[in-house]
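Asker: I have a structure here, written as structure tokens, and I will follow up with some questions on it.
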Amino acid sequence: MCLRGQLSAEMMILIVVVLAIVAIAATQLMNAAQDSAGQIENQTGQLYDKTSDAMKAGPGEVCFDDDDCRSGDCDLTVNKCD
């Protein structure tokens, strides 16, 4: 009977060690995922800024308010960017 108790104790120690390794790996993966998410959010913001500026109308092109123009000035009498 002593041998069975000892075997169970060894198995419990092994299970605890394996669970600890899994917990450490999961923590590392979560940290890596958070870092990646931050980088993706930053790059998405940069991409949005660049594309929104490129989509604005140039001088003489049609606009409906100042935000539509690269210059920030829309002549509403003719709906053209200055």
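By convention here, the chains of the structure tokens are called A, B, ... in the order presented, each chain's residues are numbered starting at 1, and ligands are numbered starting at 1 in the order presented.
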Write out as a PDB file with N, CA and C atoms, in the first residue's frame the set of residues from chain A that DSSP, computed on the backbone, places in alpha helix (DSSP H).

Answerer:
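Dumped to states_30.pdb:
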```
ATOM      1  N   CYS A   2       1.993   1.249   0.595  1.00  0.00           N
ATOM      2  CA  CYS A   2       2.842   2.428   0.614  1.00  0.00           C
ATOM      3  C   CYS A   2       3.274   2.821  -0.795  1.00  0.00           C
ATOM      4  N   LEU A   3       3.530   1.862  -1.635  1.00  0.00           N
ATOM      5  CA  LEU A   3       3.988   2.137  -2.982  1.00  0.00           C
ATOM      6  C   LEU A   3       2.923   2.891  -3.770  1.00  0.00           C
ATOM      7  N   ARG A   4       1.679   2.537  -3.626  1.00  0.00           N
ATOM      8  CA  ARG A   4       0.606   3.229  -4.347  1.00  0.00           C
ATOM      9  C   ARG A   4       0.498   4.684  -3.885  1.00  0.00           C
ATOM     10  N   GLY A   5       0.604   4.932  -2.608  1.00  0.00           N
ATOM     11  CA  GLY A   5       0.552   6.292  -2.084  1.00  0.00           C
ATOM     12  C   GLY A   5       1.711   7.128  -2.602  1.00  0.00           C
ATOM     13  N   GLN A   6       2.877   6.514  -2.660  1.00  0.00           N
ATOM     14  CA  GLN A   6       4.052   7.209  -3.152  1.00  0.00           C
ATOM     15  C   GLN A   6       3.921   7.498  -4.639  1.00  0.00           C
ATOM     16  N   LEU A   7       3.397   6.590  -5.393  1.00  0.00           N
ATOM     17  CA  LEU A   7       3.205   6.774  -6.817  1.00  0.00           C
ATOM     18  C   LEU A   7       2.216   7.907  -7.062  1.00  0.00           C
ATOM     19  N   SER A   8       1.148   7.961  -6.297  1.00  0.00           N
ATOM     20  CA  SER A   8       0.167   9.026  -6.433  1.00  0.00           C
ATOM     21  C   SER A   8       0.786  10.381  -6.110  1.00  0.00           C
ATOM     22  N   ALA A   9       1.617  10.443  -5.076  1.00  0.00           N
ATOM     23  CA  ALA A   9       2.276  11.695  -4.716  1.00  0.00           C
ATOM     24  C   ALA A   9       3.189  12.165  -5.843  1.00  0.00           C
ATOM     25  N   GLU A  10       3.916  11.235  -6.458  1.00  0.00           N
ATOM     26  CA  GLU A  10       4.796  11.592  -7.574  1.00  0.00           C
ATOM     27  C   GLU A  10       3.979  12.087  -8.767  1.00  0.00           C
ATOM     28  N   MET A  11       2.855  11.436  -9.018  1.00  0.00           N
ATOM     29  CA  MET A  11       1.989  11.862 -10.121  1.00  0.00           C
ATOM     30  C   MET A  11       1.411  13.254  -9.846  1.00  0.00           C
ATOM     31  N   MET A  12       1.044  13.509  -8.595  1.00  0.00           N
ATOM     32  CA  MET A  12       0.518  14.828  -8.246  1.00  0.00           C
ATOM     33  C   MET A  12       1.580  15.901  -8.450  1.00  0.00           C
ATOM     34  N   ILE A  13       2.815  15.611  -8.050  1.00  0.00           N
ATOM     35  CA  ILE A  13       3.909  16.565  -8.249  1.00  0.00           C
ATOM     36  C   ILE A  13       4.111  16.824  -9.737  1.00  0.00           C
ATOM     37  N   LEU A  14       4.075  15.768 -10.533  1.00  0.00           N
ATOM     38  CA  LEU A  14       4.239  15.910 -11.979  1.00  0.00           C
ATOM     39  C   LEU A  14       3.113  16.748 -12.577  1.00  0.00           C
ATOM     40  N   ILE A  15       1.891  16.515 -12.134  1.00  0.00           N
ATOM     41  CA  ILE A  15       0.750  17.290 -12.636  1.00  0.00           C
ATOM     42  C   ILE A  15       0.891  18.754 -12.261  1.00  0.00           C
ATOM     43  N   VAL A  16       1.315  19.034 -11.037  1.00  0.00           N
ATOM     44  CA  VAL A  16       1.506  20.419 -10.598  1.00  0.00           C
ATOM     45  C   VAL A  16       2.581  21.101 -11.439  1.00  0.00           C
ATOM     46  N   VAL A  17       3.670  20.399 -11.708  1.00  0.00           N
ATOM     47  CA  VAL A  17       4.748  20.967 -12.523  1.00  0.00           C
ATOM     48  C   VAL A  17       4.249  21.258 -13.935  1.00  0.00           C
ATOM     49  N   VAL A  18       3.519  20.331 -14.531  1.00  0.00           N
ATOM     50  CA  VAL A  18       2.996  20.531 -15.885  1.00  0.00           C
ATOM     51  C   VAL A  18       2.027  21.711 -15.908  1.00  0.00           C
ATOM     52  N   LEU A  19       1.145  21.798 -14.918  1.00  0.00           N
ATOM     53  CA  LEU A  19       0.209  22.926 -14.858  1.00  0.00           C
ATOM     54  C   LEU A  19       0.934  24.257 -14.693  1.00  0.00           C
ATOM     55  N   ALA A  20       2.005  24.257 -13.917  1.00  0.00           N
ATOM     56  CA  ALA A  20       2.783  25.483 -13.743  1.00  0.00           C
ATOM     57  C   ALA A  20       3.412  25.909 -15.065  1.00  0.00           C
ATOM     58  N   ILE A  21       3.936  24.950 -15.811  1.00  0.00           N
ATOM     59  CA  ILE A  21       4.530  25.265 -17.115  1.00  0.00           C
ATOM     60  C   ILE A  21       3.468  25.800 -18.068  1.00  0.00           C
ATOM     61  N   VAL A  22       2.293  25.196 -18.069  1.00  0.00           N
ATOM     62  CA  VAL A  22       1.201  25.665 -18.927  1.00  0.00           C
ATOM     63  C   VAL A  22       0.783  27.077 -18.524  1.00  0.00           C
ATOM     64  N   ALA A  23       0.711  27.349 -17.236  1.00  0.00           N
ATOM     65  CA  ALA A  23       0.330  28.682 -16.765  1.00  0.00           C
ATOM     66  C   ALA A  23       1.356  29.724 -17.188  1.00  0.00           C
ATOM     67  N   ILE A  24       2.640  29.401 -17.084  1.00  0.00           N
ATOM     68  CA  ILE A  24       3.698  30.322 -17.499  1.00  0.00           C
ATOM     69  C   ILE A  24       3.615  30.578 -19.003  1.00  0.00           C
ATOM     70  N   ALA A  25       3.414  29.531 -19.786  1.00  0.00           N
ATOM     71  CA  ALA A  25       3.298  29.682 -21.237  1.00  0.00           C
ATOM     72  C   ALA A  25       2.081  30.529 -21.602  1.00  0.00           C
ATOM     73  N   ALA A  26       0.961  30.316 -20.920  1.00  0.00           N
ATOM     74  CA  ALA A  26      -0.243  31.094 -21.192  1.00  0.00           C
ATOM     75  C   ALA A  26      -0.029  32.572 -20.866  1.00  0.00           C
ATOM     76  N   THR A  27       0.659  32.843 -19.766  1.00  0.00           N
ATOM     77  CA  THR A  27       0.954  34.228 -19.394  1.00  0.00           C
ATOM     78  C   THR A  27       1.824  34.900 -20.447  1.00  0.00           C
ATOM     79  N   GLN A  28       2.832  34.186 -20.914  1.00  0.00           N
ATOM     80  CA  GLN A  28       3.704  34.736 -21.950  1.00  0.00           C
ATOM     81  C   GLN A  28       2.929  35.001 -23.238  1.00  0.00           C
ATOM     82  N   LEU A  29       2.042  34.085 -23.618  1.00  0.00           N
ATOM     83  CA  LEU A  29       1.238  34.280 -24.824  1.00  0.00           C
ATOM     84  C   LEU A  29       0.291  35.466 -24.679  1.00  0.00           C
ATOM     85  N   MET A  30      -0.290  35.640 -23.515  1.00  0.00           N
ATOM     86  CA  MET A  30      -1.189  36.778 -23.287  1.00  0.00           C
ATOM     87  C   MET A  30      -0.421  38.095 -23.377  1.00  0.00           C
ATOM     88  N   ASN A  31       0.772  38.130 -22.800  1.00  0.00           N
ATOM     89  CA  ASN A  31       1.585  39.346 -22.884  1.00  0.00           C
ATOM     90  C   ASN A  31       1.962  39.648 -24.321  1.00  0.00           C
ATOM     91  N   ALA A  32       2.336  38.628 -25.066  1.00  0.00           N
ATOM     92  CA  ALA A  32       2.689  38.826 -26.478  1.00  0.00           C
ATOM     93  C   ALA A  32       1.482  39.298 -27.267  1.00  0.00           C
ATOM     94  N   ALA A  33       0.306  38.766 -26.973  1.00  0.00           N
ATOM     95  CA  ALA A  33      -0.913  39.175 -27.679  1.00  0.00           C
ATOM     96  C   ALA A  33      -1.256  40.628 -27.370  1.00  0.00           C
ATOM     97  N   GLN A  34      -1.085  41.047 -26.128  1.00  0.00           N
ATOM     98  CA  GLN A  34      -1.363  42.438 -25.763  1.00  0.00           C
ATOM     99  C   GLN A  34      -0.390  43.383 -26.449  1.00  0.00           C
ATOM    100  N   ASP A  35       0.879  43.020 -26.494  1.00  0.00           N
ATOM    101  CA  ASP A  35       1.869  43.847 -27.181  1.00  0.00           C
ATOM    102  C   ASP A  35       1.544  43.956 -28.666  1.00  0.00           C
ATOM    103  N   SER A  36       1.176  42.840 -29.262  1.00  0.00           N
ATOM    104  CA  SER A  36       0.830  42.835 -30.689  1.00  0.00           C
ATOM    105  C   SER A  36      -0.406  43.685 -30.948  1.00  0.00           C
ATOM    106  N   ALA A  37      -1.386  43.596 -30.083  1.00  0.00           N
ATOM    107  CA  ALA A  37      -2.606  44.386 -30.247  1.00  0.00           C
ATOM    108  C   ALA A  37      -2.294  45.876 -30.183  1.00  0.00           C
ATOM    109  N   GLY A  38      -1.412  46.271 -29.291  1.00  0.00           N
ATOM    110  CA  GLY A  38      -1.009  47.674 -29.192  1.00  0.00           C
ATOM    111  C   GLY A  38      -0.313  48.149 -30.458  1.00  0.00           C
ATOM    112  N   GLN A  39       0.563  47.314 -30.993  1.00  0.00           N
ATOM    113  CA  GLN A  39       1.269  47.674 -32.218  1.00  0.00           C
ATOM    114  C   GLN A  39       0.316  47.768 -33.403  1.00  0.00           C
ATOM    115  N   ILE A  40      -0.618  46.837 -33.475  1.00  0.00           N
ATOM    116  CA  ILE A  40      -1.598  46.852 -34.569  1.00  0.00           C
ATOM    117  C   ILE A  40      -2.466  48.100 -34.478  1.00  0.00           C
ATOM    118  N   GLU A  41      -2.890  48.453 -33.274  1.00  0.00           N
ATOM    119  CA  GLU A  41      -3.717  49.645 -33.096  1.00  0.00           C
ATOM    120  C   GLU A  41      -2.953  50.898 -33.517  1.00  0.00           C
ATOM    121  N   ASN A  42      -1.688  50.975 -33.158  1.00  0.00           N
ATOM    122  CA  ASN A  42      -0.852  52.117 -33.523  1.00  0.00           C
ATOM    123  C   ASN A  42      -0.699  52.211 -35.038  1.00  0.00           C
ATOM    124  N   GLN A  43      -0.397  51.095 -35.681  1.00  0.00           N
ATOM    125  CA  GLN A  43      -0.213  51.091 -37.128  1.00  0.00           C
ATOM    126  C   GLN A  43      -1.522  51.384 -37.858  1.00  0.00           C
ATOM    127  N   THR A  44      -2.637  50.914 -37.316  1.00  0.00           N
ATOM    128  CA  THR A  44      -3.934  51.199 -37.916  1.00  0.00           C
ATOM    129  C   THR A  44      -4.225  52.694 -37.858  1.00  0.00           C
ATOM    130  N   GLY A  45      -3.905  53.309 -36.737  1.00  0.00           N
ATOM    131  CA  GLY A  45      -4.086  54.758 -36.607  1.00  0.00           C
ATOM    132  C   GLY A  45      -3.240  55.528 -37.607  1.00  0.00           C
ATOM    133  N   GLN A  46      -1.995  55.110 -37.782  1.00  0.00           N
ATOM    134  CA  GLN A  46      -1.118  55.765 -38.753  1.00  0.00           C
ATOM    135  C   GLN A  46      -1.653  55.604 -40.166  1.00  0.00           C
ATOM    136  N   LEU A  47      -2.110  54.407 -40.493  1.00  0.00           N
ATOM    137  CA  LEU A  47      -2.667  54.140 -41.816  1.00  0.00           C
ATOM    138  C   LEU A  47      -3.911  54.979 -42.059  1.00  0.00           C
ATOM    139  N   TYR A  48      -4.772  55.086 -41.058  1.00  0.00           N
ATOM    140  CA  TYR A  48      -5.982  55.899 -41.189  1.00  0.00           C
ATOM    141  C   TYR A  48      -5.619  57.361 -41.448  1.00  0.00           C
ATOM    142  N   ASP A  49      -4.653  57.881 -40.685  1.00  0.00           N
ATOM    143  CA  ASP A  49      -4.244  59.276 -40.872  1.00  0.00           C
ATOM    144  C   ASP A  49      -3.730  59.521 -42.286  1.00  0.00           C
ATOM    145  N   LYS A  50      -2.903  58.609 -42.784  1.00  0.00           N
ATOM    146  CA  LYS A  50      -2.333  58.781 -44.122  1.00  0.00           C
ATOM    147  C   LYS A  50      -3.395  58.676 -45.209  1.00  0.00           C
ATOM    148  N   THR A  51      -4.290  57.708 -45.093  1.00  0.00           N
ATOM    149  CA  THR A  51      -5.300  57.527 -46.143  1.00  0.00           C
ATOM    150  C   THR A  51      -6.364  58.617 -46.087  1.00  0.00           C
ATOM    151  N   SER A  52      -6.720  59.084 -44.894  1.00  0.00           N
ATOM    152  CA  SER A  52      -7.734  60.139 -44.821  1.00  0.00           C
ATOM    153  C   SER A  52      -7.201  61.433 -45.422  1.00  0.00           C
ATOM    154  N   ASP A  53      -5.905  61.733 -45.241  1.00  0.00           N
ATOM    155  CA  ASP A  53      -5.317  62.916 -45.868  1.00  0.00           C
ATOM    156  C   ASP A  53      -5.269  62.760 -47.385  1.00  0.00           C
ATOM    157  N   ALA A  54      -4.954  61.567 -47.845  1.00  0.00           N
ATOM    158  CA  ALA A  54      -4.857  61.335 -49.297  1.00  0.00           C
ATOM    159  C   ALA A  54      -6.220  61.398 -49.976  1.00  0.00           C
TER     160      ALA A  54
END
```

Asker: Using atom CA of A:Ala57 and atom CA of A:Asp73 as the two end points, give the distance in Å to one decimal.

Answerer: 10.3 Å

Asker: For atom CA of A:Lys56 and atom CA of A:Thr77, determine how far apart the two atoms are, in Å to one decimal place.

Answerer: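 Separating atom CA of A:Lys56 from atom CA of A:Thr77 is a distance of 18.8 Å.
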
Asker: With a distance cut-off of 10 Å and only C-alpha atoms, select the neighbouring residues of A:Leu76, excluding the residue or stretch itself and same-chain residues fewer than 5 positions from it, and output the selection as a list in words.

Answerer: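 With the cut-off at 10 Å, the set is Val62, Cys63, Phe64, Asp65, Asp66 and Cys81 of chain A.
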
Asker: Pick out the residues sitting within 8 Å of A:Pro59, and hand them over as a PDB file with N, CA and C atoms, in the first residue's frame; count only C-alpha atoms, and ignore anything fewer than 3 positions along from it in its own chain.

Answerer:
```pdb
ATOM      1  N   CYS A  69     -11.287  69.358 -47.924  1.00  0.00           N
ATOM      2  CA  CYS A  69     -10.123  69.872 -48.666  1.00  0.00           C
ATOM      3  C   CYS A  69      -8.815  69.630 -47.924  1.00  0.00           C
ATOM      4  N   ARG A  70      -7.756  69.359 -48.692  1.00  0.00           N
ATOM      5  CA  ARG A  70      -6.415  69.235 -48.092  1.00  0.00           C
ATOM      6  C   ARG A  70      -5.995  70.558 -47.462  1.00  0.00           C
ATOM      7  N   SER A  71      -6.374  71.666 -48.110  1.00  0.00           N
ATOM      8  CA  SER A  71      -6.001  72.982 -47.602  1.00  0.00           C
ATOM      9  C   SER A  71      -6.840  73.379 -46.399  1.00  0.00           C
ATOM     10  N   LYS A  80     -15.738  74.372 -54.393  1.00  0.00           N
ATOM     11  CA  LYS A  80     -14.406  73.975 -54.856  1.00  0.00           C
ATOM     12  C   LYS A  80     -13.391  74.302 -53.765  1.00  0.00           C
ATOM     13  N   CYS A  81     -12.386  73.458 -53.676  1.00  0.00           N
ATOM     14  CA  CYS A  81     -11.310  73.692 -52.712  1.00  0.00           C
ATOM     15  C   CYS A  81     -10.399  74.800 -53.206  1.00  0.00           C
ATOM     16  N   ASP A  82      -9.956  75.643 -52.252  1.00  0.00           N
ATOM     17  CA  ASP A  82      -8.997  76.718 -52.587  1.00  0.00           C
ATOM     18  C   ASP A  82      -7.585  76.183 -52.539  1.00  0.00           C
TER      19      ASP A  82
END
```

Asker: Just the strand (DSSP E or B) stuff from chain A, please, per backbone DSSP, written as number ranges by chain.

Answerer: A: 57, 62, 69, 74-75, 80-81
